[in-house]
file upload05.cif (mmCIF, C-alpha atoms and all ligand atoms)
data_start
#
loop_
_atom_site.label_atom_id
_atom_site.label_comp_id
_atom_site.auth_asym_id
_atom_site.auth_seq_id
_atom_site.Cartn_x
_atom_site.Cartn_y
_atom_site.Cartn_z
CA MET A 23 -10.15 76.02 -7.19
CA ARG A 24 -11.48 75.64 -3.71
CA THR A 25 -10.47 76.71 -0.25
CA ILE A 26 -10.05 73.97 2.31
CA ALA A 27 -9.30 73.95 6.01
CA ILE A 28 -6.52 71.67 7.24
CA THR A 29 -4.91 71.49 10.64
CA VAL A 30 -1.18 71.40 10.03
CA ASN A 31 1.00 70.64 13.03
CA GLY A 32 -1.68 71.79 15.41
CA ILE A 33 -2.46 75.06 13.62
CA SER A 34 -5.68 75.48 11.61
CA ARG A 35 -4.85 76.69 8.15
CA GLU A 36 -6.93 77.66 5.18
CA VAL A 37 -5.49 77.13 1.76
CA THR A 38 -6.75 77.56 -1.77
CA ILE A 39 -6.03 74.57 -3.93
CA GLU A 40 -6.80 72.98 -7.26
CA GLU A 41 -8.64 69.70 -7.03
CA ASN A 42 -5.84 67.91 -8.86
CA GLU A 43 -3.08 69.10 -6.54
CA LEU A 44 -1.18 66.60 -4.44
CA LEU A 45 -1.02 67.04 -0.69
CA LEU A 46 2.77 66.96 -1.04
CA ASN A 47 2.84 70.06 -3.25
CA VAL A 48 0.35 71.96 -1.15
CA LEU A 49 2.30 71.26 2.03
CA ARG A 50 5.61 72.33 0.54
CA ASP A 51 4.66 75.13 -1.84
CA LYS A 52 1.59 76.65 -0.26
CA LEU A 53 1.98 75.92 3.42
CA GLY A 54 5.77 76.10 3.68
CA VAL A 55 6.17 72.73 5.36
CA THR A 56 9.50 71.78 3.83
CA SER A 57 10.46 68.82 6.00
CA VAL A 58 8.23 66.83 3.67
CA LYS A 59 10.57 65.65 0.92
CA ALA A 60 10.01 63.92 -2.39
CA ALA A 61 12.17 61.75 -4.59
CA CYS A 62 10.07 59.28 -6.54
CA TRP A 63 6.62 60.90 -6.69
CA ARG A 64 5.06 57.48 -7.06
CA GLY A 65 4.69 56.01 -3.62
CA GLU A 66 7.94 54.09 -3.47
CA CYS A 67 10.48 56.09 -1.49
CA GLY A 68 8.33 57.21 1.43
CA LEU A 69 10.17 60.53 1.84
CA CYS A 70 6.88 62.39 1.61
CA THR A 71 5.32 60.51 4.55
CA VAL A 72 3.10 62.55 6.86
CA LEU A 73 0.60 61.60 9.54
CA LEU A 74 -2.92 62.15 8.26
CA ASN A 75 -5.36 61.93 11.14
CA GLY A 76 -2.66 60.01 12.99
CA LEU A 77 -1.85 57.45 10.29
CA PRO A 78 1.27 57.55 8.11
CA VAL A 79 0.43 58.12 4.45
CA LYS A 80 2.51 59.08 1.46
CA SER A 81 1.57 62.63 0.55
CA CYS A 82 2.58 62.20 -3.11
CA MET A 83 -0.19 59.63 -3.38
CA THR A 84 -2.79 61.72 -1.59
CA LEU A 85 -4.87 64.50 -3.08
CA ALA A 86 -4.83 67.71 -1.10
CA VAL A 87 -8.65 67.75 -1.14
CA GLU A 88 -8.64 64.41 0.62
CA ALA A 89 -7.06 66.15 3.61
CA GLU A 90 -9.92 68.61 3.92
CA GLY A 91 -10.99 68.89 7.55
CA LYS A 92 -8.24 66.53 8.63
CA GLU A 93 -5.12 66.86 10.71
CA VAL A 94 -1.65 66.66 9.19
CA VAL A 95 1.44 66.17 11.32
CA THR A 96 4.97 66.40 9.93
CA ALA A 97 8.43 66.33 11.51
CA GLU A 98 8.07 70.03 12.43
CA GLY A 99 4.95 69.26 14.43
CA LEU A 100 6.65 66.60 16.51
CA TYR A 101 8.62 69.27 18.29
CA THR A 102 5.90 69.65 20.92
CA ASP A 103 6.13 65.95 21.81
CA GLU A 104 8.80 65.26 24.39
CA ARG A 105 9.17 61.63 23.32
CA ALA A 106 9.57 62.57 19.67
CA ARG A 107 12.23 65.13 20.64
CA LYS A 108 14.15 62.39 22.38
CA LEU A 109 13.67 60.19 19.34
CA GLN A 110 15.23 62.88 17.17
CA GLU A 111 18.13 63.22 19.61
CA SER A 112 18.61 59.48 19.34
CA PHE A 113 18.93 59.84 15.55
CA VAL A 114 21.69 62.37 16.12
CA GLU A 115 23.47 60.29 18.77
CA HIS A 116 23.50 57.24 16.55
CA GLY A 117 24.51 59.15 13.43
CA ALA A 118 21.39 57.84 11.78
CA MET A 119 21.79 59.97 8.68
CA GLN A 120 24.30 61.00 6.11
CA CYS A 121 22.69 63.59 3.83
CA GLY A 122 19.61 63.74 6.05
CA PHE A 123 17.09 63.85 3.22
CA CYS A 124 15.20 60.83 4.51
CA THR A 125 15.39 61.78 8.18
CA PRO A 126 12.07 63.64 8.55
CA ALA A 127 10.18 60.72 7.04
CA PHE A 128 11.97 58.19 9.24
CA VAL A 129 11.32 60.31 12.32
CA VAL A 130 7.62 60.66 11.54
CA THR A 131 7.26 56.96 10.74
CA SER A 132 9.20 55.69 13.72
CA HIS A 133 7.33 58.08 16.03
CA TYR A 134 4.10 56.48 14.84
CA VAL A 135 5.50 52.97 15.19
CA LEU A 136 6.83 53.52 18.72
CA SER A 137 3.67 55.27 19.91
CA LYS A 138 1.76 52.20 18.81
CA ASN A 139 4.17 49.63 20.22
CA PRO A 140 7.23 50.66 22.24
CA GLU A 141 8.26 47.00 22.64
CA ILE A 142 8.69 46.38 18.91
CA ASP A 143 12.02 45.01 17.71
CA GLY A 144 13.80 42.86 15.15
CA ASP A 145 12.10 42.05 11.89
CA ASP A 146 8.83 43.62 12.98
CA LEU A 147 10.51 46.98 13.39
CA LYS A 148 12.39 46.64 10.11
CA LYS A 149 9.15 45.82 8.34
CA GLU A 150 7.40 48.80 9.87
CA LEU A 151 10.15 51.10 8.63
CA SER A 152 10.39 49.47 5.20
CA GLY A 153 8.15 52.05 3.56
CA VAL A 154 10.90 54.67 3.69
CA ILE A 155 14.11 54.42 1.68
CA CYS A 156 17.48 55.88 2.67
CA ARG A 157 19.66 56.34 -0.38
CA CYS A 158 22.71 56.85 1.83
CA GLY A 159 22.11 53.45 3.40
CA THR A 160 22.15 54.41 7.07
CA TYR A 161 19.64 51.70 7.90
CA TYR A 162 21.69 50.10 10.69
CA GLN A 163 22.06 53.40 12.47
CA ILE A 164 18.38 54.23 11.99
CA TYR A 165 17.44 50.86 13.43
CA ASP A 166 19.71 51.42 16.44
CA ALA A 167 18.38 54.94 16.96
CA VAL A 168 14.78 53.76 16.99
CA MET A 169 15.57 50.76 19.22
CA ASP A 170 17.30 53.06 21.67
CA ALA A 171 14.40 55.54 21.69
CA ARG A 172 11.89 52.89 22.69
CA LYS A 173 12.57 53.61 26.36
CA HIS A 174 11.17 57.13 26.03
CA TYR A 175 7.93 55.81 24.62
CA ARG A 176 7.61 53.36 27.51
CA ASP A 177 8.18 56.09 30.05
CA LYS A 178 4.76 57.01 31.40
CA ASN A 179 6.07 60.26 32.91
CA ILE A 180 6.72 61.86 29.58
CA MET B 3 9.64 73.99 -6.51
CA SER B 4 7.55 73.61 -9.55
CA PHE B 5 7.78 70.65 -11.83
CA ILE B 6 6.08 70.94 -15.15
CA THR B 7 6.59 67.41 -16.47
CA PRO B 8 3.43 65.29 -16.36
CA TYR B 9 4.89 62.86 -13.87
CA PHE B 10 4.62 65.26 -10.98
CA THR B 11 1.16 66.59 -11.65
CA LEU B 12 -2.26 65.17 -12.15
CA PRO B 13 -4.55 65.88 -15.08
CA LYS B 14 -7.52 68.12 -14.40
CA PHE B 15 -10.68 66.56 -13.05
CA THR B 16 -13.73 67.39 -11.00
CA TYR B 17 -13.71 65.89 -7.52
CA TYR B 18 -16.72 64.52 -5.70
CA LYS B 19 -16.85 63.13 -2.19
CA PRO B 20 -20.26 61.52 -1.76
CA ASP B 21 -21.26 60.24 1.66
CA SER B 22 -23.51 57.38 0.60
CA ILE B 23 -23.24 54.46 -1.79
CA SER B 24 -26.36 55.50 -3.69
CA GLU B 25 -24.99 59.00 -4.24
CA ALA B 26 -21.69 57.55 -5.52
CA LEU B 27 -23.55 55.20 -7.85
CA SER B 28 -25.72 57.92 -9.31
CA LEU B 29 -22.61 60.03 -9.97
CA LEU B 30 -21.05 57.03 -11.72
CA LYS B 31 -24.16 56.65 -13.84
CA GLN B 32 -24.41 60.35 -14.63
CA HIS B 33 -20.79 60.50 -15.79
CA ASN B 34 -20.68 56.97 -17.15
CA GLY B 35 -17.34 56.21 -18.78
CA LYS B 36 -15.80 59.53 -17.73
CA ALA B 37 -15.61 58.92 -13.99
CA ARG B 38 -13.37 56.75 -11.83
CA VAL B 39 -13.81 55.88 -8.21
CA LEU B 40 -10.95 56.73 -5.86
CA ALA B 41 -10.43 54.62 -2.76
CA GLY B 42 -6.87 54.41 -1.44
CA GLY B 43 -5.55 56.07 -4.58
CA VAL B 44 -2.45 53.93 -4.72
CA MET B 45 -3.23 52.68 -8.23
CA LEU B 46 -5.42 55.47 -9.58
CA VAL B 47 -3.23 58.40 -8.55
CA ASN B 48 -0.17 56.83 -10.18
CA MET B 49 -2.13 55.91 -13.30
CA MET B 50 -3.27 59.52 -13.52
CA LYS B 51 0.26 60.84 -13.09
CA GLU B 52 1.36 58.66 -15.97
CA ARG B 53 -1.72 59.68 -17.99
CA ILE B 54 -2.81 56.06 -18.25
CA ALA B 55 -6.07 57.04 -16.57
CA LEU B 56 -7.64 60.37 -17.52
CA PRO B 57 -10.96 60.54 -15.71
CA GLU B 58 -12.90 63.79 -16.01
CA TYR B 59 -14.55 63.05 -12.70
CA VAL B 60 -13.05 61.46 -9.62
CA ILE B 61 -15.44 60.05 -7.05
CA ASP B 62 -13.74 59.67 -3.66
CA LEU B 63 -15.26 56.81 -1.71
CA LYS B 64 -13.51 57.54 1.58
CA GLY B 65 -16.42 59.52 2.94
CA ILE B 66 -18.80 56.56 2.71
CA ARG B 67 -19.19 54.83 6.04
CA GLU B 68 -21.19 51.92 4.63
CA LEU B 69 -18.11 50.79 2.69
CA LYS B 70 -15.90 50.56 5.76
CA GLY B 71 -17.10 47.76 7.99
CA ILE B 72 -15.98 44.20 8.72
CA ASN B 73 -18.87 42.16 10.10
CA VAL B 74 -19.88 38.60 10.78
CA THR B 75 -23.36 37.96 9.44
CA GLU B 76 -25.48 34.96 8.57
CA SER B 77 -23.98 34.83 5.11
CA GLY B 78 -20.41 34.81 6.39
CA VAL B 79 -17.85 37.55 6.85
CA GLU B 80 -18.72 40.78 5.07
CA ILE B 81 -15.95 43.20 4.24
CA GLY B 82 -16.59 46.71 2.94
CA SER B 83 -14.69 47.46 -0.25
CA THR B 84 -12.74 50.42 1.16
CA VAL B 85 -11.39 48.56 4.19
CA THR B 86 -7.61 49.12 4.09
CA ALA B 87 -4.82 46.55 4.12
CA SER B 88 -3.82 47.75 7.60
CA GLU B 89 -7.37 47.36 8.88
CA LEU B 90 -7.54 43.83 7.47
CA GLN B 91 -4.38 42.85 9.32
CA GLN B 92 -5.58 44.36 12.58
CA SER B 93 -9.11 42.94 12.47
CA ASP B 94 -9.72 40.05 14.84
CA ILE B 95 -12.49 38.80 12.55
CA ILE B 96 -10.18 38.65 9.54
CA LYS B 97 -7.32 37.12 11.52
CA LYS B 98 -9.60 34.43 12.84
CA PHE B 99 -11.85 33.64 9.89
CA CYS B 100 -10.05 34.85 6.76
CA GLN B 101 -6.45 33.84 7.36
CA PRO B 102 -5.33 33.91 3.70
CA LEU B 103 -6.62 37.47 3.40
CA ALA B 104 -4.97 38.65 6.62
CA LYS B 105 -1.64 37.36 5.34
CA ALA B 106 -2.14 38.63 1.79
CA ALA B 107 -2.86 42.10 3.17
CA SER B 108 0.60 42.19 4.73
CA TYR B 109 2.06 42.04 1.21
CA MET B 110 -0.02 44.85 -0.33
CA GLY B 111 2.70 47.48 -0.72
CA ASP B 112 4.82 48.57 2.22
CA LYS B 113 3.61 49.31 5.74
CA ILE B 114 2.87 52.96 4.99
CA LEU B 115 0.97 52.29 1.76
CA GLN B 116 -1.05 49.67 3.61
CA ASN B 117 -2.80 52.51 5.41
CA SER B 118 -4.10 53.63 2.00
CA VAL B 119 -4.47 50.44 -0.07
CA THR B 120 -8.06 49.16 -0.02
CA ILE B 121 -9.22 45.63 -0.70
CA GLY B 122 -11.64 46.85 -3.39
CA GLY B 123 -8.93 48.83 -5.15
CA ASN B 124 -6.43 46.00 -4.88
CA ILE B 125 -8.65 43.57 -6.77
CA SER B 126 -10.63 45.80 -9.12
CA ILE B 127 -7.77 47.15 -11.25
CA GLY B 128 -7.33 43.62 -12.59
CA MET B 129 -3.55 43.50 -12.38
CA PRO B 130 -1.86 40.09 -11.96
CA SER B 131 0.15 41.51 -9.06
CA THR B 132 -2.92 41.65 -6.82
CA ASP B 133 -2.54 39.88 -3.49
CA GLY B 134 -6.18 40.21 -2.52
CA LEU B 135 -7.73 38.27 -5.39
CA PRO B 136 -5.96 34.89 -4.95
CA ALA B 137 -6.76 35.04 -1.22
CA LEU B 138 -10.43 35.82 -1.87
CA MET B 139 -10.71 33.15 -4.57
CA SER B 140 -9.29 30.49 -2.27
CA MET B 141 -11.97 31.37 0.25
CA GLY B 142 -14.70 31.23 -2.39
CA ALA B 143 -15.53 34.89 -1.81
CA LEU B 144 -18.40 36.64 -3.56
CA LEU B 145 -18.31 40.26 -4.62
CA GLU B 146 -21.36 42.46 -4.26
CA VAL B 147 -21.31 44.61 -7.38
CA ARG B 148 -23.73 47.51 -7.65
CA SER B 149 -24.70 50.17 -10.13
CA ALA B 150 -27.41 52.79 -9.79
CA ASP B 151 -29.96 50.39 -11.29
CA SER B 152 -28.65 46.92 -10.52
CA ALA B 153 -27.03 44.73 -7.93
CA ARG B 154 -25.40 41.36 -8.51
CA MET B 155 -23.19 38.82 -6.82
CA LEU B 156 -20.04 38.07 -8.75
CA PRO B 157 -17.85 35.11 -7.74
CA SER B 158 -14.37 36.48 -7.09
CA SER B 159 -13.00 33.90 -9.55
CA ASP B 160 -15.00 35.56 -12.36
CA LEU B 161 -13.76 39.10 -11.72
CA VAL B 162 -10.71 39.32 -13.96
CA VAL B 163 -10.96 38.78 -17.72
CA ASN B 164 -7.46 39.74 -18.74
CA ILE B 165 -4.63 42.01 -17.60
CA GLY B 166 -6.24 45.27 -16.53
CA ARG B 167 -9.67 44.08 -17.68
CA THR B 168 -12.45 43.00 -15.35
CA ASN B 169 -16.08 42.03 -15.53
CA LEU B 170 -17.11 45.32 -13.94
CA ARG B 171 -19.05 47.74 -16.14
CA SER B 172 -17.98 51.37 -16.07
CA ASP B 173 -21.05 52.33 -14.04
CA GLU B 174 -20.51 49.56 -11.49
CA MET B 175 -18.40 49.24 -8.39
CA ILE B 176 -17.64 46.59 -5.80
CA THR B 177 -19.42 47.54 -2.62
CA LYS B 178 -18.86 44.50 -0.44
CA ILE B 179 -16.95 41.25 -0.26
CA ILE B 180 -18.67 38.26 1.25
CA VAL B 181 -16.73 35.23 2.47
CA PRO B 182 -19.26 32.42 2.96
CA ASN B 183 -18.81 29.85 5.75
CA ALA B 184 -15.70 31.68 6.85
CA ALA B 185 -15.95 30.30 10.37
CA GLU B 186 -15.35 26.79 9.10
CA SER B 187 -12.24 27.50 7.12
CA ARG B 188 -8.55 27.66 7.69
CA GLY B 189 -5.89 28.80 5.29
CA THR B 190 -2.72 30.63 4.46
CA TYR B 191 -1.03 32.75 1.82
CA VAL B 192 2.59 32.60 0.70
CA LYS B 193 4.47 34.72 -1.77
CA PHE B 194 7.84 34.70 -3.47
CA LEU B 195 9.38 38.00 -4.49
CA ASN B 196 12.53 38.68 -6.45
CA ALA B 197 15.16 41.08 -5.15
CA SER B 198 13.34 44.15 -6.45
CA GLU B 199 10.14 43.00 -4.78
CA ILE B 200 8.36 41.92 -7.94
CA ALA B 201 6.13 38.93 -7.31
CA ILE B 202 7.29 35.78 -9.08
CA ALA B 203 4.39 33.75 -7.75
CA THR B 204 1.81 33.78 -4.99
CA VAL B 205 -0.16 30.91 -3.55
CA ALA B 206 -3.30 31.04 -1.46
CA VAL B 207 -4.70 27.92 0.16
CA SER B 208 -7.98 27.52 1.98
CA LEU B 209 -9.42 24.42 3.53
CA MET B 210 -13.08 24.16 4.48
CA LEU B 211 -12.85 22.26 7.72
CA VAL B 212 -16.37 20.90 7.71
CA GLN B 213 -16.77 19.59 4.20
CA LYS B 214 -13.01 19.03 3.98
CA LYS B 215 -12.72 20.93 0.77
CA LEU B 216 -9.34 22.19 -0.28
CA ARG B 217 -8.90 25.13 -2.62
CA ILE B 218 -5.57 26.30 -3.94
CA VAL B 219 -5.04 29.46 -5.98
CA VAL B 220 -1.82 30.36 -7.76
CA GLY B 221 -1.49 34.04 -8.63
CA ALA B 222 0.93 36.52 -10.21
CA ILE B 223 2.09 34.09 -12.90
CA SER B 224 -0.52 34.84 -15.57
CA ALA B 225 -3.23 37.34 -16.50
CA LYS B 226 -5.57 35.86 -13.92
CA PRO B 227 -5.02 33.54 -10.98
CA TYR B 228 -5.29 29.77 -11.39
CA TYR B 229 -7.95 28.13 -9.26
CA PHE B 230 -7.79 24.49 -8.22
CA ASP B 231 -10.13 22.43 -6.14
CA GLU B 232 -10.51 18.72 -5.70
CA SER B 233 -12.21 18.12 -9.01
CA SER B 234 -9.55 19.97 -10.98
CA ILE B 235 -6.61 18.17 -9.40
CA GLY B 236 -8.31 14.80 -9.14
CA TRP B 237 -7.39 14.39 -5.52
CA ARG B 238 -9.42 14.37 -2.33
CA TRP B 239 -8.46 15.82 0.98
CA ASP B 240 -7.74 13.14 3.55
CA GLU B 241 -5.83 12.74 6.75
CA ASN B 242 -2.79 11.57 4.82
CA ILE B 243 -2.19 14.92 3.22
CA LYS B 244 1.18 15.15 4.91
CA GLU B 245 2.47 12.32 2.75
CA ASN B 246 0.87 13.61 -0.42
CA ILE B 247 2.07 17.19 -0.48
CA LYS B 248 4.54 16.60 -3.28
CA THR B 249 1.93 14.83 -5.41
CA VAL B 250 -0.49 17.72 -5.06
CA ALA B 251 2.19 20.30 -5.78
CA ASP B 252 3.30 18.40 -8.90
CA ALA B 253 -0.28 17.99 -10.11
CA ILE B 254 -0.82 21.71 -9.79
CA GLY B 255 2.51 22.54 -11.39
CA SER B 256 1.69 20.52 -14.49
CA ASN B 257 -1.55 22.46 -14.92
CA LEU B 258 0.08 25.90 -14.93
CA LYS B 259 1.03 27.91 -18.00
CA PRO B 260 3.00 30.79 -16.51
CA ILE B 261 4.07 33.78 -18.59
CA SER B 262 7.70 34.41 -19.51
CA ASP B 263 9.06 37.92 -19.23
CA ALA B 264 12.15 39.86 -18.23
CA VAL B 265 11.51 39.09 -14.56
CA ALA B 266 11.38 35.31 -14.88
CA GLY B 267 10.91 32.50 -17.38
CA SER B 268 7.86 30.31 -17.53
CA GLU B 269 9.60 27.17 -16.23
CA TYR B 270 11.12 29.06 -13.32
CA ARG B 271 7.72 30.44 -12.36
CA ARG B 272 6.27 26.94 -12.52
CA GLU B 273 8.97 25.52 -10.23
CA VAL B 274 8.55 28.37 -7.76
CA SER B 275 4.78 27.85 -7.80
CA LYS B 276 5.19 24.17 -6.97
CA ILE B 277 7.50 24.97 -4.09
CA LEU B 278 5.08 27.59 -2.78
CA VAL B 279 2.13 25.19 -2.97
CA ALA B 280 4.13 22.66 -0.97
CA ARG B 281 5.19 25.31 1.53
CA ALA B 282 1.64 26.51 2.05
CA LEU B 283 0.35 22.97 2.55
CA LYS B 284 3.14 22.19 5.02
CA GLU B 285 2.33 25.32 6.93
CA LEU B 286 -1.28 24.20 7.27
CA PHE B 287 -0.90 20.48 7.77
CA GLY B 288 2.69 19.92 8.82
CA GLY B 289 4.72 17.20 7.12
CA THR B 290 7.74 17.35 4.91
S1 LIG C 301 7.85 60.99 -3.09
FE1 LIG C 301 6.15 60.08 -2.14
S2 LIG C 301 6.82 58.07 -1.88
FE2 LIG C 301 8.47 58.93 -2.97
S1 LIG C 302 20.63 59.95 5.00
FE1 LIG C 302 20.71 60.35 2.91
S2 LIG C 302 18.90 59.42 2.24
FE2 LIG C 302 19.00 58.75 4.24
#
call {"tool": "encode", "arguments": {"input": "upload05.cif", "output": "structure tokens"}}
result
Amino acid sequence: MRTIAITVNGISREVTIEENELLLNVLRDKLGVTSVKAACWRGECGLCTVLLNGLPVKSCMTLAVEAEGKEVVTAEGLYTDERARKLQESFVEHGAMQCGFCTPAFVVTSHYVLSKNPEIDGDDLKKELSGVICRCGTYYQIYDAVMDARKHYRDKNI
Amino acid sequence: MSFITPYFTLPKFTYYKPDSISEALSLLKQHNGKARVLAGGVMLVNMMKERIALPEYVIDLKGIRELKGINVTESGVEIGSTVTASELQQSDIIKKFCQPLAKAASYMGDKILQNSVTIGGNISIGMPSTDGLPALMSMGALLEVRSADSARMLPSSDLVVNIGRTNLRSDEMITKIIVPNAAESRGTYVKFLNASEIAIATVAVSLMLVQKKLRIVVGAISAKPYYFDESSIGWRWDENIKENIKTVADAIGSNLKPISDAVAGSEYRREVSKILVARALKELFGGT
């Protein structure tokens, strides 16, 4: 048992954890961040993706202690970012989901990808998004939604 | 949500996060045989979930700055063992001087995992699926291996003994990877995956531009990668390589003894390997 400090979606939190707990479980069960989903628990589906100090990582493969002193951002935390809000609207406009279980992970991942390179397209974009799996198979719509949202990430006024 | 089955939880262990190599090494010595080092965690965390690895102590290397750098020195390019696959692909030094490694890194798991996967972790588990090891072997890379009381240079081609078994002692870890004469080399890395993304074969090729030495490594088809240079294939690099690509590929193919399993048969793996060797050579030298 130890108590660690993590910044979750901009808010500093303290949480008591076991050293063998996964970041995924701590986020969902102890910090109430339920946009972080899980299906495979072994690094394959990507539904548990969060930004850890700005980089996408799979939280089922990350120990909670590893996040000590770091910053975690999930789909909830993107609400304060105007571009990410537009990105989420684009998902809705394009019908880029069926059950929606994969949506938070795709939103987090594509937000990272577009912030890095708003000109990305084609196979590069598909490759960047390949770490997340959509069991409903809405990949075409997700691709279109992200392509369409690129303009918001180019817009310097946002 | 609480899952009780082992798959979703990790066994109990004590966690250390040292901030220097020497501290990590003395912890490894103190808990010799009971401790494992954690870098990206991609292998270790899964092995712990499945209870294949049950370390009592986990030593997290991510707090150690000395293990992170990519530098050009007199001895060549030096790569810290916890440099991630994403960092390898973004590094101008790696892109310029260690082309096989830059390309191999793009195959280490998906784009998200690549932010976690480390080069040290990728090679030190000793699995045939490693992308890093064939690339490093083709470049003639050396591994700096340290324990609390010793330091040695291990040629990357001597690392793996058998599936899951390496020449590293339980109190040792890879601290650095050194690619000698990197500035004078050129190379590539190609891979063939089946539909479920299981590697059928991988091929890394490096050419030393100055001494005109060609090295070809075929991985993923056996417990450890196959290494070929001019003496082992009885063929010298010359300007006519374009016309000889098929000969080289056939010579290599006849020296391979690939495994047969549910994913692919031995003969199929051999044919794929030959095609990949030819593809890699064409990519480097042109020709048909
Ligand atoms: S639950 Fe983490 S990758 Fe599937
Ligand atoms: S919408 Fe159902 S998993 Fe993607």
call {"tool": "interface_residues", "arguments": {"input": "upload05.cif", "of": "chain B", "to": "chain A", "cutoff": "7 Å", "atoms": "only C-alpha atoms", "output": "VMD selection string"}}
result
chain B and resid 3 10 12 to 17 43 to 44 47 to 48 112 to 115 117 to 118
call {"tool": "closest_residue", "arguments": {"input": "upload05.cif", "among": "A:Val95, A:Ala61, A:Ala167, A:Ser112", "to": "ligand LIG 302 (chain C)", "atoms": "all atoms listed in the file"}}
result
A:Ala61
call {"tool": "closest_residue", "arguments": {"input": "upload05.cif", "among": "B:Asn124, B:Gln32, B:Ala264, B:Gly111", "to": "ligand LIG 301 (chain C)", "atoms": "only C-alpha atoms and all ligand atoms"}}
result
B:Gly111
call {"tool": "closest_residue", "arguments": {"input": "upload05.cif", "among": "A:Ala118, A:Leu46, A:Val30, A:Leu147", "to": "Tyr161 (chain A)", "atoms": "all atoms listed in the file"}}
result
A:Ala118
call {"tool": "atom_distance", "arguments": {"input": "upload05.cif", "atom1": "CA of Val168 (chain A)", "atom2": "CA of Glu141 (chain A)"}}
result
11.0 Å
call {"tool": "atom_distance", "arguments": {"input": "upload05.cif", "atom1": "CA of Gly78 (chain B)", "atom2": "CA of Ala106 (chain B)"}}
result
19.2 Å
call {"tool": "atom_distance", "arguments": {"input": "upload05.cif", "atom1": "CA of Gly35 (chain B)", "atom2": "CA of Ile66 (chain B)"}}
result
21.5 Å
call {"tool": "closest_residue", "arguments": {"input": "upload05.cif", "among": "B:Arg154, B:Val265, B:Met129, B:Val119", "to": "Ser198 (chain B)", "atoms": "all atoms listed in the file"}}
result
B:Val265
call {"tool": "closest_residue", "arguments": {"input": "upload05.cif", "among": "A:Val37, A:Cys156, A:Val130, A:Met23", "to": "Gln110 (chain A)", "atoms": "only C-alpha atoms"}}
result
A:Val130
call {"tool": "residues_near_point", "arguments": {"input": "upload05.cif", "point": "(13.9, 57.9, 16.1)", "cutoff": "12 Å", "atoms": "all atoms listed in the file", "output": "short mmCIF file (atom, residue, chain, number, x, y, z; two decimals) with C-alpha atoms, in the coordinates of the input"}}
result
data_model
loop_
_atom_site.label_atom_id
_atom_site.label_comp_id
_atom_site.auth_asym_id
_atom_site.auth_seq_id
_atom_site.Cartn_x
_atom_site.Cartn_y
_atom_site.Cartn_z
CA ALA A 97 8.43 66.33 11.51
CA LEU A 100 6.65 66.60 16.51
CA ARG A 105 9.17 61.63 23.32
CA ALA A 106 9.57 62.57 19.67
CA ARG A 107 12.23 65.13 20.64
CA LYS A 108 14.15 62.39 22.38
CA LEU A 109 13.67 60.19 19.34
CA GLN A 110 15.23 62.88 17.17
CA GLU A 111 18.13 63.22 19.61
CA SER A 112 18.61 59.48 19.34
CA PHE A 113 18.93 59.84 15.55
CA VAL A 114 21.69 62.37 16.12
CA GLU A 115 23.47 60.29 18.77
CA HIS A 116 23.50 57.24 16.55
CA GLY A 117 24.51 59.15 13.43
CA ALA A 118 21.39 57.84 11.78
CA MET A 119 21.79 59.97 8.68
CA THR A 125 15.39 61.78 8.18
CA PRO A 126 12.07 63.64 8.55
CA ALA A 127 10.18 60.72 7.04
CA PHE A 128 11.97 58.19 9.24
CA VAL A 129 11.32 60.31 12.32
CA VAL A 130 7.62 60.66 11.54
CA THR A 131 7.26 56.96 10.74
CA SER A 132 9.20 55.69 13.72
CA HIS A 133 7.33 58.08 16.03
CA TYR A 134 4.10 56.48 14.84
CA VAL A 135 5.50 52.97 15.19
CA LEU A 136 6.83 53.52 18.72
CA SER A 137 3.67 55.27 19.91
CA PRO A 140 7.23 50.66 22.24
CA LEU A 147 10.51 46.98 13.39
CA LEU A 151 10.15 51.10 8.63
CA TYR A 161 19.64 51.70 7.90
CA GLN A 163 22.06 53.40 12.47
CA ILE A 164 18.38 54.23 11.99
CA TYR A 165 17.44 50.86 13.43
CA ASP A 166 19.71 51.42 16.44
CA ALA A 167 18.38 54.94 16.96
CA VAL A 168 14.78 53.76 16.99
CA MET A 169 15.57 50.76 19.22
CA ASP A 170 17.30 53.06 21.67
CA ALA A 171 14.40 55.54 21.69
CA ARG A 172 11.89 52.89 22.69
CA LYS A 173 12.57 53.61 26.36
CA HIS A 174 11.17 57.13 26.03
CA TYR A 175 7.93 55.81 24.62
#
call {"tool": "residues_around", "arguments": {"input": "upload05.cif", "residues": "Leu138 (chain B)", "least_positions_apart": "4", "cutoff": "12 Å", "atoms": "all atoms listed in the file", "output": "MDAnalysis selection string"}}
result
chainID B and resid 79:81 96 100:107 121:122 124:125 132:134 142:145 157:161 179:182 184 189:191 205:208 217:221 227 229
call {"tool": "closest_residue", "arguments": {"input": "upload05.cif", "among": "B:Ile243, B:Leu69, B:Met210, B:Ala251", "to": "Met141 (chain B)", "atoms": "only C-alpha atoms"}}
result
B:Met210
call {"tool": "residues_around", "arguments": {"input": "upload05.cif", "residues": "Ala27 (chain A)", "least_positions_apart": "6", "cutoff": "9 Å", "atoms": "all atoms listed in the file", "output": "MDAnalysis selection string"}}
result
chainID A and resid 34:38 89:92
call {"tool": "write_last_selection", "arguments": {"input": "upload05.cif", "atoms": "C-alpha atoms", "output": "CSV table (one decimal), in the coordinates of the input"}}
result
chain,number,residue,atom,x,y,z
A,34,SER,CA,-5.7,75.5,11.6
A,35,ARG,CA,-4.8,76.7,8.2
A,36,GLU,CA,-6.9,77.7,5.2
A,37,VAL,CA,-5.5,77.1,1.8
A,38,THR,CA,-6.8,77.6,-1.8
A,89,ALA,CA,-7.1,66.2,3.6
A,90,GLU,CA,-9.9,68.6,3.9
A,91,GLY,CA,-11.0,68.9,7.6
A,92,LYS,CA,-8.2,66.5,8.6
